[in-house]
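One file, data_39.pdb, carrying PDB, C-alpha atoms, pLDDT in the B column:
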ATOM      1  CA  MET P  23       2.535 -29.500   6.114  1.00 46.00           C
ATOM      2  CA  LEU P  24       3.929 -26.106   5.160  1.00 55.00           C
ATOM      3  CA  ASN P  25       2.981 -24.858   1.718  1.00 58.00           C
ATOM      4  CA  LEU P  26       5.993 -22.954   0.400  1.00 62.00           C
ATOM      5  CA  ASP P  27       4.780 -22.760  -3.199  1.00 73.00           C
ATOM      6  CA  ARG P  28       2.973 -19.432  -2.851  1.00 92.00           C
ATOM      7  CA  VAL P  29       3.898 -15.936  -1.761  1.00 96.00           C
ATOM      8  CA  VAL P  30       1.968 -15.890   1.519  1.00 96.00           C
ATOM      9  CA  ASP P  31       0.710 -18.630   3.795  1.00 95.00           C
ATOM     10  CA  GLU P  32      -2.808 -18.975   5.200  1.00 94.00           C
ATOM     11  CA  LYS P  33      -1.983 -16.287   7.790  1.00 96.00           C
ATOM     12  CA  GLY P  34      -0.932 -13.727   5.189  1.00 96.00           C
ATOM     13  CA  LEU P  35       2.771 -14.004   6.059  1.00 97.00           C
ATOM     14  CA  VAL P  36       5.403 -14.184   3.331  1.00 97.00           C
ATOM     15  CA  ASN P  37       7.003 -17.554   2.691  1.00 96.00           C
ATOM     16  CA  ILE P  38      10.755 -18.089   2.457  1.00 96.00           C
ATOM     17  CA  GLY P  39      12.166 -17.288  -0.965  1.00 95.00           C
ATOM     18  CA  PHE P  40       9.473 -14.802  -1.948  1.00 97.00           C
ATOM     19  CA  PRO P  41       9.622 -10.997  -1.984  1.00 97.00           C
ATOM     20  CA  ILE P  42       8.062  -8.599   0.462  1.00 98.00           C
ATOM     21  CA  VAL P  43       7.934  -5.120  -1.053  1.00 98.00           C
ATOM     22  CA  LEU P  44       7.800  -2.108   1.265  1.00 98.00           C
ATOM     23  CA  TYR P  45       5.985   0.778  -0.409  1.00 97.00           C
ATOM     24  CA  PHE P  46       6.477   4.365   0.802  1.00 96.00           C
ATOM     25  CA  PRO P  47       3.751   6.692  -0.500  1.00 94.00           C
ATOM     26  CA  PHE P  48       5.466   9.871   0.727  1.00 93.00           C
ATOM     27  CA  ASN P  49       8.140   9.572  -1.976  1.00 95.00           C
ATOM     28  CA  ASN P  50       6.504   6.894  -4.163  1.00 96.00           C
ATOM     29  CA  THR P  51       9.329   4.409  -3.790  1.00 98.00           C
ATOM     30  CA  ILE P  52       9.601   0.718  -3.030  1.00 98.00           C
ATOM     31  CA  VAL P  53      12.163  -1.389  -1.206  1.00 98.00           C
ATOM     32  CA  PRO P  54      11.998  -4.947  -2.596  1.00 98.00           C
ATOM     33  CA  LEU P  55      13.308  -7.588  -0.201  1.00 98.00           C
ATOM     34  CA  LYS P  56      13.611 -11.348  -0.463  1.00 98.00           C
ATOM     35  CA  VAL P  57      12.694 -13.339   2.648  1.00 98.00           C
ATOM     36  CA  LYS P  58      15.621 -15.684   3.261  1.00 97.00           C
ATOM     37  CA  ARG P  59      14.667 -16.846   6.764  1.00 96.00           C
ATOM     38  CA  ARG P  60      11.538 -16.708   8.904  1.00 96.00           C
ATOM     39  CA  LEU P  61      11.605 -17.239  12.635  1.00 94.00           C
ATOM     40  CA  ASN P  62       8.865 -19.061  14.592  1.00 90.00           C
ATOM     41  CA  TYR P  63       7.406 -20.866  11.601  1.00 90.00           C
ATOM     42  CA  GLY P  64       4.043 -22.261  12.721  1.00 90.00           C
ATOM     43  CA  TYR P  65       4.000 -20.283  15.984  1.00 94.00           C
ATOM     44  CA  GLU P  66       3.166 -16.786  14.787  1.00 96.00           C
ATOM     45  CA  THR P  67       0.249 -15.871  17.075  1.00 97.00           C
ATOM     46  CA  PHE P  68       0.925 -13.431  19.923  1.00 97.00           C
ATOM     47  CA  GLU P  69      -2.044 -13.007  22.281  1.00 97.00           C
ATOM     48  CA  TYR P  70      -1.185  -9.542  23.539  1.00 97.00           C
ATOM     49  CA  GLY P  71      -4.202  -8.702  25.694  1.00 97.00           C
ATOM     50  CA  HIS P  72      -5.970  -5.384  26.173  1.00 97.00           C
ATOM     51  CA  PHE P  73      -4.867  -2.267  24.312  1.00 97.00           C
ATOM     52  CA  PRO P  74      -2.181  -0.578  26.471  1.00 95.00           C
ATOM     53  CA  TYR P  75      -4.193   2.516  27.340  1.00 95.00           C
ATOM     54  CA  THR P  76      -5.914   3.593  30.553  1.00 93.00           C
ATOM     55  CA  PRO P  77      -8.474   6.401  30.217  1.00 93.00           C
ATOM     56  CA  VAL P  78      -8.880   9.115  32.824  1.00 87.00           C
ATOM     57  CA  SER P  79     -12.487   8.074  33.378  1.00 80.00           C
ATOM     58  CA  PRO P  80     -13.482   5.338  33.751  1.00 77.00           C
ATOM     59  CA  ALA P  81      -9.997   4.296  34.883  1.00 84.00           C
ATOM     60  CA  VAL P  82     -10.137   0.745  33.521  1.00 91.00           C
ATOM     61  CA  ALA P  83      -7.087  -0.448  31.572  1.00 94.00           C
ATOM     62  CA  GLY P  84      -7.811  -1.231  27.958  1.00 96.00           C
ATOM     63  CA  VAL P  85     -11.216   0.443  27.860  1.00 96.00           C
ATOM     64  CA  ILE P  86     -11.987   3.026  25.181  1.00 95.00           C
ATOM     65  CA  PRO P  87     -14.814   5.173  26.616  1.00 93.00           C
ATOM     66  CA  THR P  88     -17.916   6.011  24.654  1.00 92.00           C
ATOM     67  CA  LEU P  89     -17.444   8.680  21.975  1.00 89.00           C
ATOM     68  CA  ASN P  90     -13.764   8.887  22.774  1.00 90.00           C
ATOM     69  CA  TYR P  91     -10.332   7.774  21.621  1.00 91.00           C
ATOM     70  CA  SER P  92      -7.058   6.571  23.108  1.00 93.00           C
ATOM     71  CA  THR P  93      -3.802   8.417  23.251  1.00 92.00           C
ATOM     72  CA  GLU P  94      -1.289   7.478  20.551  1.00 94.00           C
ATOM     73  CA  THR P  95       0.196   4.250  21.815  1.00 95.00           C
ATOM     74  CA  VAL P  96       2.989   1.738  21.139  1.00 95.00           C
ATOM     75  CA  PHE P  97       3.045  -1.849  22.357  1.00 96.00           C
ATOM     76  CA  SER P  98       5.313  -2.659  25.270  1.00 94.00           C
ATOM     77  CA  TYR P  99       6.203  -6.104  26.572  1.00 94.00           C
ATOM     78  CA  SER P 100       7.616  -6.451  30.086  1.00 92.00           C
ATOM     79  CA  ARG P 101       9.528  -9.694  29.443  1.00 92.00           C
ATOM     80  CA  LEU P 102      11.865  -8.067  26.928  1.00 91.00           C
ATOM     81  CA  ASP P 103      15.143  -6.424  27.897  1.00 90.00           C
ATOM     82  CA  THR P 104      15.098  -2.762  28.859  1.00 90.00           C
ATOM     83  CA  THR P 105      16.071  -1.500  25.389  1.00 88.00           C
ATOM     84  CA  THR P 106      13.231  -3.248  23.529  1.00 91.00           C
ATOM     85  CA  GLN P 107      10.640  -3.453  26.324  1.00 93.00           C
ATOM     86  CA  PRO P 108       8.955  -0.051  25.755  1.00 95.00           C
ATOM     87  CA  ASP P 109       8.150  -0.672  22.060  1.00 96.00           C
ATOM     88  CA  MET P 110       8.289  -4.356  21.264  1.00 96.00           C
ATOM     89  CA  PHE P 111       8.390  -4.157  17.449  1.00 95.00           C
ATOM     90  CA  TYR P 112      10.666  -1.136  17.057  1.00 95.00           C
ATOM     91  CA  HIS P 113      14.211  -2.156  16.166  1.00 96.00           C
ATOM     92  CA  ALA P 114      17.462  -1.194  14.503  1.00 96.00           C
ATOM     93  CA  ASP P 115      18.422  -4.696  13.389  1.00 96.00           C
ATOM     94  CA  LYS P 116      20.190  -5.219  10.089  1.00 98.00           C
ATOM     95  CA  ASP P 117      18.335  -7.086   7.349  1.00 98.00           C
ATOM     96  CA  THR P 118      15.252  -7.548   9.541  1.00 98.00           C
ATOM     97  CA  VAL P 119      11.568  -6.790   9.056  1.00 98.00           C
ATOM     98  CA  PHE P 120       8.740  -7.665  11.432  1.00 98.00           C
ATOM     99  CA  HIS P 121       5.516  -8.273   9.501  1.00 98.00           C
ATOM    100  CA  ALA P 122       2.398  -8.234  11.666  1.00 97.00           C
ATOM    101  CA  TYR P 123      -1.363  -8.307  11.405  1.00 98.00           C
ATOM    102  CA  MET P 124      -2.928  -6.601  14.400  1.00 98.00           C
ATOM    103  CA  TYR P 125      -6.432  -7.878  15.168  1.00 98.00           C
ATOM    104  CA  VAL P 126      -8.523  -5.579  17.343  1.00 98.00           C
ATOM    105  CA  THR P 127     -11.636  -6.629  19.269  1.00 98.00           C
ATOM    106  CA  PRO P 128     -14.351  -5.321  19.248  1.00 98.00           C
ATOM    107  CA  GLU P 129     -14.140  -4.895  15.487  1.00 97.00           C
ATOM    108  CA  ILE P 130     -16.280  -1.746  15.563  1.00 96.00           C
ATOM    109  CA  LEU P 131     -13.328   0.254  16.939  1.00 96.00           C
ATOM    110  CA  ARG P 132     -11.555   2.537  14.510  1.00 93.00           C
ATOM    111  CA  ILE P 133      -7.816   1.902  14.066  1.00 95.00           C
ATOM    112  CA  PHE P 134      -5.643   4.879  13.161  1.00 92.00           C
ATOM    113  CA  THR P 135      -2.099   3.913  12.168  1.00 93.00           C
ATOM    114  CA  ARG P 136       0.519   6.634  12.621  1.00 92.00           C
ATOM    115  CA  ILE P 137       3.657   6.075  10.518  1.00 91.00           C
ATOM    116  CA  PRO P 138       5.923   7.580  11.646  1.00 91.00           C
ATOM    117  CA  LYS P 139       4.742   7.944  15.232  1.00 92.00           C
ATOM    118  CA  GLY P 140       3.499  11.397  16.145  1.00 89.00           C
ATOM    119  CA  THR P 141       2.227  12.221  12.665  1.00 88.00           C
ATOM    120  CA  THR P 142      -1.007  11.898  10.754  1.00 86.00           C
ATOM    121  CA  PRO P 143       0.009  10.299   7.465  1.00 85.00           C
ATOM    122  CA  GLN P 144      -3.419  10.128   5.810  1.00 85.00           C
ATOM    123  CA  GLU P 145      -5.276  12.942   4.101  1.00 85.00           C
ATOM    124  CA  PHE P 146      -8.241  13.607   1.862  1.00 86.00           C
ATOM    125  CA  ARG P 147      -7.650  16.539  -0.485  1.00 87.00           C
ATOM    126  CA  GLY P 148      -5.427  18.260   2.031  1.00 83.00           C
ATOM    127  CA  VAL P 149      -7.628  17.485   5.059  1.00 84.00           C
ATOM    128  CA  ILE P 150      -6.100  15.211   7.700  1.00 82.00           C
ATOM    129  CA  PRO P 151      -8.007  13.090  10.269  1.00 80.00           C
ATOM    130  CA  SER P 152      -7.275  14.939  13.507  1.00 72.00           C
ATOM    131  CA  ASN P 153      -7.163  12.993  16.778  1.00 63.00           C
ATOM    132  CA  ASP P 154      -9.622  15.466  18.227  1.00 65.00           C
ATOM    133  CA  LEU P 155     -12.163  14.360  15.639  1.00 62.00           C
ATOM    134  CA  ALA P 156     -11.426  10.638  15.852  1.00 67.00           C
ATOM    135  CA  THR P 157     -15.040   9.701  16.514  1.00 70.00           C
ATOM    136  CA  SER P 158     -16.608  11.946  13.884  1.00 76.00           C
ATOM    137  CA  ILE P 159     -14.303  11.880  10.838  1.00 78.00           C
ATOM    138  CA  GLU P 160     -15.089   9.356   8.135  1.00 83.00           C
ATOM    139  CA  PHE P 161     -11.708   8.422   6.666  1.00 87.00           C
ATOM    140  CA  GLY P 162      -8.126   7.494   7.523  1.00 87.00           C
ATOM    141  CA  PHE P 163      -8.812   4.385   9.600  1.00 91.00           C
ATOM    142  CA  SER P 164      -9.450   0.652   9.385  1.00 94.00           C
ATOM    143  CA  ARG P 165     -11.550  -1.668  11.517  1.00 96.00           C
ATOM    144  CA  GLY P 166     -10.840  -5.107  12.912  1.00 97.00           C
ATOM    145  CA  MET P 167      -7.336  -5.491  11.517  1.00 98.00           C
ATOM    146  CA  ALA P 168      -4.338  -3.452  10.449  1.00 97.00           C
ATOM    147  CA  GLU P 169      -1.347  -4.789   8.538  1.00 97.00           C
ATOM    148  CA  LEU P 170       1.980  -3.511   9.838  1.00 95.00           C
ATOM    149  CA  ALA P 171       5.536  -3.934   8.543  1.00 96.00           C
ATOM    150  CA  TYR P 172       8.176  -2.818  11.013  1.00 96.00           C
ATOM    151  CA  ALA P 173      11.290  -1.888   9.073  1.00 97.00           C
ATOM    152  CA  PRO P 174      14.387  -0.712  10.994  1.00 97.00           C
ATOM    153  CA  LYS P 175      14.217   2.716  12.673  1.00 96.00           C
ATOM    154  CA  ILE P 176      10.556   3.318  11.715  1.00 93.00           C
ATOM    155  CA  ARG P 177       8.322   3.753  14.759  1.00 92.00           C
ATOM    156  CA  TYR P 178       4.552   3.229  14.607  1.00 92.00           C
ATOM    157  CA  GLY P 179       1.867   4.767  16.777  1.00 94.00           C
ATOM    158  CA  ILE P 180      -1.672   3.425  17.093  1.00 96.00           C
ATOM    159  CA  VAL P 181      -4.862   5.271  18.082  1.00 94.00           C
ATOM    160  CA  LEU P 182      -8.164   3.483  18.741  1.00 95.00           C
ATOM    161  CA  ALA P 183     -11.440   5.412  18.583  1.00 93.00           C
ATOM    162  CA  ASN P 184     -14.857   4.427  19.891  1.00 93.00           C
ATOM    163  CA  GLU P 185     -17.733   6.091  18.053  1.00 90.00           C
ATOM    164  CA  THR P 186     -20.418   4.087  19.889  1.00 92.00           C
ATOM    165  CA  ASN P 187     -22.502   5.064  22.916  1.00 91.00           C
ATOM    166  CA  ILE P 188     -21.024   2.360  25.192  1.00 94.00           C
ATOM    167  CA  ASP P 189     -17.576   1.882  26.730  1.00 94.00           C
ATOM    168  CA  LEU P 190     -15.636  -0.862  24.951  1.00 96.00           C
ATOM    169  CA  GLN P 191     -13.100  -3.253  26.503  1.00 97.00           C
ATOM    170  CA  THR P 192     -10.346  -4.008  23.996  1.00 98.00           C
ATOM    171  CA  TYR P 193      -8.348  -7.113  23.129  1.00 98.00           C
ATOM    172  CA  ILE P 194      -5.324  -7.250  20.805  1.00 98.00           C
ATOM    173  CA  LYS P 195      -3.906 -10.253  18.974  1.00 98.00           C
ATOM    174  CA  PHE P 196      -0.891 -10.183  16.666  1.00 98.00           C
ATOM    175  CA  VAL P 197      -0.105 -12.656  13.921  1.00 98.00           C
ATOM    176  CA  TYR P 198       3.480 -11.860  13.038  1.00 97.00           C
ATOM    177  CA  ALA P 199       6.661 -13.050  11.379  1.00 97.00           C
ATOM    178  CA  GLN P 200      10.249 -11.975  11.811  1.00 97.00           C
ATOM    179  CA  TYR P 201      11.978 -12.013   8.445  1.00 98.00           C
ATOM    180  CA  GLU P 202      15.661 -12.031   7.676  1.00 98.00           C
ATOM    181  CA  THR P 203      15.916 -10.357   4.284  1.00 98.00           C
ATOM    182  CA  ASP P 204      18.167  -9.651   1.337  1.00 98.00           C
ATOM    183  CA  PHE P 205      17.713  -6.556  -0.800  1.00 98.00           C
ATOM    184  CA  ILE P 206      16.763  -7.480  -4.363  1.00 98.00           C
ATOM    185  CA  ASP P 207      19.359  -5.615  -6.409  1.00 97.00           C
ATOM    186  CA  ASP P 208      18.717  -7.106  -9.839  1.00 97.00           C
ATOM    187  CA  ALA P 209      17.046  -4.509 -12.071  1.00 97.00           C
ATOM    188  CA  GLN P 210      15.232  -7.050 -14.237  1.00 97.00           C
ATOM    189  CA  THR P 211      13.780  -8.835 -11.200  1.00 97.00           C
ATOM    190  CA  ILE P 212      12.584  -5.527  -9.739  1.00 97.00           C
ATOM    191  CA  LEU P 213      10.987  -4.652 -13.073  1.00 97.00           C
ATOM    192  CA  ASN P 214       9.227  -8.014 -13.114  1.00 96.00           C
ATOM    193  CA  ILE P 215       7.910  -7.399  -9.597  1.00 96.00           C
ATOM    194  CA  ILE P 216       6.577  -3.963 -10.574  1.00 95.00           C
ATOM    195  CA  LYS P 217       4.967  -5.434 -13.697  1.00 94.00           C
ATOM    196  CA  ASP P 218       3.401  -8.286 -11.672  1.00 94.00           C
ATOM    197  CA  ARG P 219       5.387 -10.909 -13.573  1.00 94.00           C
ATOM    198  CA  VAL P 220       6.975 -12.120 -10.335  1.00 93.00           C
ATOM    199  CA  PRO P 221       4.649 -12.811  -7.390  1.00 94.00           C
ATOM    200  CA  ALA P 222       5.336 -10.591  -4.387  1.00 97.00           C
ATOM    201  CA  HIS P 223       3.548  -9.206  -1.343  1.00 97.00           C
ATOM    202  CA  MET P 224       3.441  -5.412  -1.126  1.00 97.00           C
ATOM    203  CA  THR P 225       2.863  -3.545   2.116  1.00 96.00           C
ATOM    204  CA  PRO P 226       2.501   0.250   2.301  1.00 94.00           C
ATOM    205  CA  LEU P 227       4.214   2.106   5.137  1.00 93.00           C
ATOM    206  CA  GLY P 228       2.760   5.467   6.027  1.00 89.00           C
ATOM    207  CA  GLY P 229       1.232   8.079   3.808  1.00 88.00           C
ATOM    208  CA  THR P 230       2.006  11.671   2.912  1.00 86.00           C
ATOM    209  CA  VAL P 231       4.375  12.462   5.811  1.00 89.00           C
ATOM    210  CA  GLU P 232       8.125  12.274   5.174  1.00 90.00           C
ATOM    211  CA  GLN P 233       9.963   9.703   7.276  1.00 89.00           C
ATOM    212  CA  ALA P 234      13.034  11.239   8.880  1.00 87.00           C
ATOM    213  CA  ASN P 235      14.797   7.888   9.451  1.00 93.00           C
ATOM    214  CA  PHE P 236      14.266   6.699   5.888  1.00 96.00           C
ATOM    215  CA  GLY P 237      17.995   6.799   5.049  1.00 96.00           C
ATOM    216  CA  ASP P 238      18.921   4.914   8.231  1.00 97.00           C
ATOM    217  CA  MET P 239      16.352   2.255   7.356  1.00 97.00           C
ATOM    218  CA  LEU P 240      17.856   1.813   3.883  1.00 98.00           C
ATOM    219  CA  ASP P 241      21.358   1.463   5.343  1.00 98.00           C
ATOM    220  CA  LEU P 242      20.266  -1.211   7.814  1.00 98.00           C
ATOM    221  CA  LEU P 243      18.478  -3.148   5.080  1.00 98.00           C
ATOM    222  CA  GLY P 244      21.403  -2.735   2.681  1.00 98.00           C
ATOM    223  CA  ALA P 245      18.851  -1.331   0.269  1.00 98.00           C
ATOM    224  CA  LYS P 246      18.130   1.396  -2.246  1.00 98.00           C
ATOM    225  CA  ALA P 247      14.840   3.225  -2.738  1.00 98.00           C
ATOM    226  CA  ILE P 248      13.435   2.308  -6.145  1.00 98.00           C
ATOM    227  CA  PRO P 249      10.886   4.590  -7.838  1.00 97.00           C
ATOM    228  CA  TYR P 250       7.519   2.880  -8.115  1.00 96.00           C
ATOM    229  CA  ILE P 251       7.172   3.090 -11.870  1.00 95.00           C
ATOM    230  CA  PRO P 252       3.684   2.876 -13.432  1.00 92.00           C
ATOM    231  CA  SER P 253       3.093  -0.550 -14.953  1.00 88.00           C
ATOM    232  CA  TYR P 254       2.323   0.975 -18.352  1.00 91.00           C
ATOM    233  CA  THR P 255       5.857   2.417 -18.627  1.00 95.00           C
ATOM    234  CA  PRO P 256       7.779   0.729 -21.494  1.00 96.00           C
ATOM    235  CA  ASP P 257      10.187  -1.903 -20.201  1.00 96.00           C
ATOM    236  CA  SER P 258      13.307  -0.214 -21.576  1.00 96.00           C
ATOM    237  CA  GLN P 259      12.432   3.105 -19.954  1.00 97.00           C
ATOM    238  CA  ALA P 260      11.458   1.501 -16.636  1.00 96.00           C
ATOM    239  CA  LEU P 261      14.603  -0.615 -16.585  1.00 97.00           C
ATOM    240  CA  GLN P 262      16.758   2.457 -17.078  1.00 97.00           C
ATOM    241  CA  GLN P 263      15.112   4.242 -14.138  1.00 97.00           C
ATOM    242  CA  ILE P 264      15.613   1.195 -11.913  1.00 98.00           C
ATOM    243  CA  GLN P 265      19.258   0.858 -12.924  1.00 97.00           C
ATOM    244  CA  GLU P 266      19.859   4.534 -12.134  1.00 97.00           C
ATOM    245  CA  ALA P 267      18.313   4.072  -8.668  1.00 97.00           C
ATOM    246  CA  LEU P 268      20.544   1.053  -7.997  1.00 97.00           C
ATOM    247  CA  ARG P 269      23.768   2.945  -8.729  1.00 93.00           C
TER     248      ARG P 269
END
For the file at hand, write its structure as structure tokens.
Amino acid sequence: MLNLDRVVDEKGLVNIGFPIVLYFPFNNTIVPLKVKRRLNYGYETFEYGHFPYTPVSPAVAGVIPTLNYSTETVFSYSRLDTTTQPDMFYHADKDTVFHAYMYVTPEILRIFTRIPKGTTPQEFRGVIPSNDLATSIEFGFSRGMAELAYAPKIRYGIVLANETNIDLQTYIKFVYAQYETDFIDDAQTILNIIKDRVPAHMTPLGGTVEQANFGDMLDLLGAKAIPYIPSYTPDSQALQQIQEALR
């Protein structure tokens, strides 16, 4: 039986009626959305297969060679129509967010998430994790799983790196949901989300790099960018800032 009394289910996906909050570090804003419909309830697992990368040597699809890394890659799916086939989660659909957990096997592989595609959004004191150093740098990646939220017009790129001394055959599984959303435009509700008085699931998108399609994304979601106000800010002051952003 479905448990709809909590924000996320046992798979980490947001239940109907609860908020998913997209957080954008590059401008320190949030986009709070209410999930009003969720497609494929109970059938959220997508067994994708090997990572869509073929190295020069050895030329085995899905293998990340020893002490090496893949090219920056998106996920294609041949059964989709020609417009969506090349990048299966990228979209320009109104009021729609794809929320996915990407599980990567073997778990030792480093996962670098590029949001937006073609950039390096992470940094440590001004130093960014270069692709050329993917097997030697010590930050800017996850292992085993990466959480992804595909908002409209935002394209992701993924790099896998193998720091071991053996070639590694990859396997990718997605656990995903397709949400139909409404923008939460009530200032008091947004304040309560920021202050953790209303349960919500927050997902960061990207890092320090500006997202060129940010305005297009807001238009398609019917949303405004709300400043992520520190929780210690007095309610009256925070509420005023939220109201100004909603105008």
Once the PyMOL selection byres ((chain P and resi 74-91) around 7) is applied to the coordinates I shared, what remains selected? I want it as a PDB file with C-alpha atoms, in the frame of the given file.
ATOM      1  CA  HIS P  72      -5.970  -5.384  26.173  1.00 97.00           C
ATOM      2  CA  PHE P  73      -4.867  -2.267  24.312  1.00 97.00           C
ATOM      3  CA  SER P  92      -7.058   6.571  23.108  1.00 93.00           C
ATOM      4  CA  THR P  93      -3.802   8.417  23.251  1.00 92.00           C
ATOM      5  CA  PHE P  97       3.045  -1.849  22.357  1.00 96.00           C
ATOM      6  CA  ALA P 156     -11.426  10.638  15.852  1.00 67.00           C
ATOM      7  CA  THR P 157     -15.040   9.701  16.514  1.00 70.00           C
ATOM      8  CA  VAL P 181      -4.862   5.271  18.082  1.00 94.00           C
ATOM      9  CA  LEU P 182      -8.164   3.483  18.741  1.00 95.00           C
ATOM     10  CA  ALA P 183     -11.440   5.412  18.583  1.00 93.00           C
ATOM     11  CA  ASN P 184     -14.857   4.427  19.891  1.00 93.00           C
ATOM     12  CA  GLU P 185     -17.733   6.091  18.053  1.00 90.00           C
ATOM     13  CA  THR P 186     -20.418   4.087  19.889  1.00 92.00           C
ATOM     14  CA  ASN P 187     -22.502   5.064  22.916  1.00 91.00           C
ATOM     15  CA  ILE P 188     -21.024   2.360  25.192  1.00 94.00           C
ATOM     16  CA  ASP P 189     -17.576   1.882  26.730  1.00 94.00           C
ATOM     17  CA  LEU P 190     -15.636  -0.862  24.951  1.00 96.00           C
ATOM     18  CA  GLN P 191     -13.100  -3.253  26.503  1.00 97.00           C
ATOM     19  CA  THR P 192     -10.346  -4.008  23.996  1.00 98.00           C
TER      20      THR P 192
END
Please determine, counting only C-alpha atoms, which residue among P:Ile215, P:Leu61, P:Ile194, P:Met224 has the shortest atom-to-atom distance to Ala171 of chain P.
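Closest candidate: P:Met224.
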What is the atom CA of Ile150 of chain P-atom CA of Tyr178 of chain P distance in Å, reported with one decimal?
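Going from atom CA of Ile150 of chain P over to atom CA of Tyr178 of chain P covers 17.5 Å.
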Once the PyMOL selection byres ((chain P and resi 221) around 12) has been applied to the shown file, what residues remain in the selection, as a list in words?
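Residues picked by the PyMOL selection byres ((chain P and resi 221) around 12): Asp27, Arg28, Val29, Val30, Val36, Asn37, Gly39, Phe40, Pro41, Ile42, Val43, Pro54, Lys56, Thr211, Ile212, Leu213, Asn214, Ile215, Ile216, Lys217, Asp218, Arg219, Val220, Ala222, His223 and Met224 of chain P.
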Straight-line distance linking atom CA of Asp257 of chain P with atom CA of Tyr45 of chain P, stated in Å to one decimal:
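Interatomic distance, atom CA of Asp257 of chain P to atom CA of Tyr45 of chain P: 20.4 Å.
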Between atom CA of Leu35 of chain P and atom CA of Ile251 of chain P - distance in Å to one decimal:
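Rounded to one decimal, the two atoms are 25.2 Å apart.
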Please identify all polymer residues within 8 Å of segment 201-207 of chain P, counting only C-alpha atoms, omitting same-chain residues fewer than 4 positions from it, and present them as a PyMOL selection string.
chain P and resi 53-61+117-121+211-212+243-245+268
Which residues would end up in the selection if the PyMOL selection byres ((chain P and resi 267) around 8) were applied here, given that I need the answer as a list in words?
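Evaluating the PyMOL selection byres ((chain P and resi 267) around 8) on this file yields Lys246, Ala247, Ile248, Pro249, Gln263, Ile264, Gln265, Glu266, Leu268 and Arg269 of chain P.
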Excluding same-chain residues fewer than 6 positions from Glu129 of chain P, what lies within 8 Å of it counting all atoms listed in the file, as a list in words?
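Counting all atoms listed in the file, the residues come to Arg165, Gly166 and Met167 of chain P.
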Please output segment 63-74 of chain P, rebuilt to include N, CA and C atoms, as a short mmCIF file (atom, residue, chain, number, x, y, z; two decimals), in the frame of the given file.
data_model
loop_
_atom_site.label_atom_id
_atom_site.label_comp_id
_atom_site.auth_asym_id
_atom_site.auth_seq_id
_atom_site.Cartn_x
_atom_site.Cartn_y
_atom_site.Cartn_z
N TYR P 63 8.33 -20.28 12.57
CA TYR P 63 7.41 -20.87 11.60
C TYR P 63 6.40 -21.76 12.32
N GLY P 64 5.11 -21.48 12.11
CA GLY P 64 4.04 -22.26 12.72
C GLY P 64 3.61 -21.78 14.09
N TYR P 65 4.32 -20.80 14.64
CA TYR P 65 4.00 -20.28 15.98
C TYR P 65 3.97 -18.76 15.95
N GLU P 66 3.13 -18.22 15.07
CA GLU P 66 3.17 -16.79 14.79
C GLU P 66 2.13 -15.97 15.55
N THR P 67 1.31 -16.60 16.37
CA THR P 67 0.25 -15.87 17.08
C THR P 67 0.76 -15.36 18.42
N PHE P 68 0.52 -14.08 18.67
CA PHE P 68 0.92 -13.43 19.92
C PHE P 68 -0.34 -12.84 20.54
N GLU P 69 -0.85 -13.49 21.58
CA GLU P 69 -2.04 -13.01 22.28
C GLU P 69 -1.61 -11.89 23.24
N TYR P 70 -1.75 -10.67 22.78
CA TYR P 70 -1.18 -9.54 23.54
C TYR P 70 -2.03 -9.18 24.76
N GLY P 71 -3.32 -9.13 24.60
CA GLY P 71 -4.20 -8.70 25.69
C GLY P 71 -4.85 -7.37 25.38
N HIS P 72 -5.25 -6.64 26.41
CA HIS P 72 -5.97 -5.38 26.17
C HIS P 72 -5.04 -4.32 25.59
N PHE P 73 -5.63 -3.38 24.88
CA PHE P 73 -4.87 -2.27 24.31
C PHE P 73 -4.21 -1.49 25.44
N PRO P 74 -2.91 -1.17 25.34
CA PRO P 74 -2.18 -0.58 26.47
C PRO P 74 -2.50 0.90 26.69
#
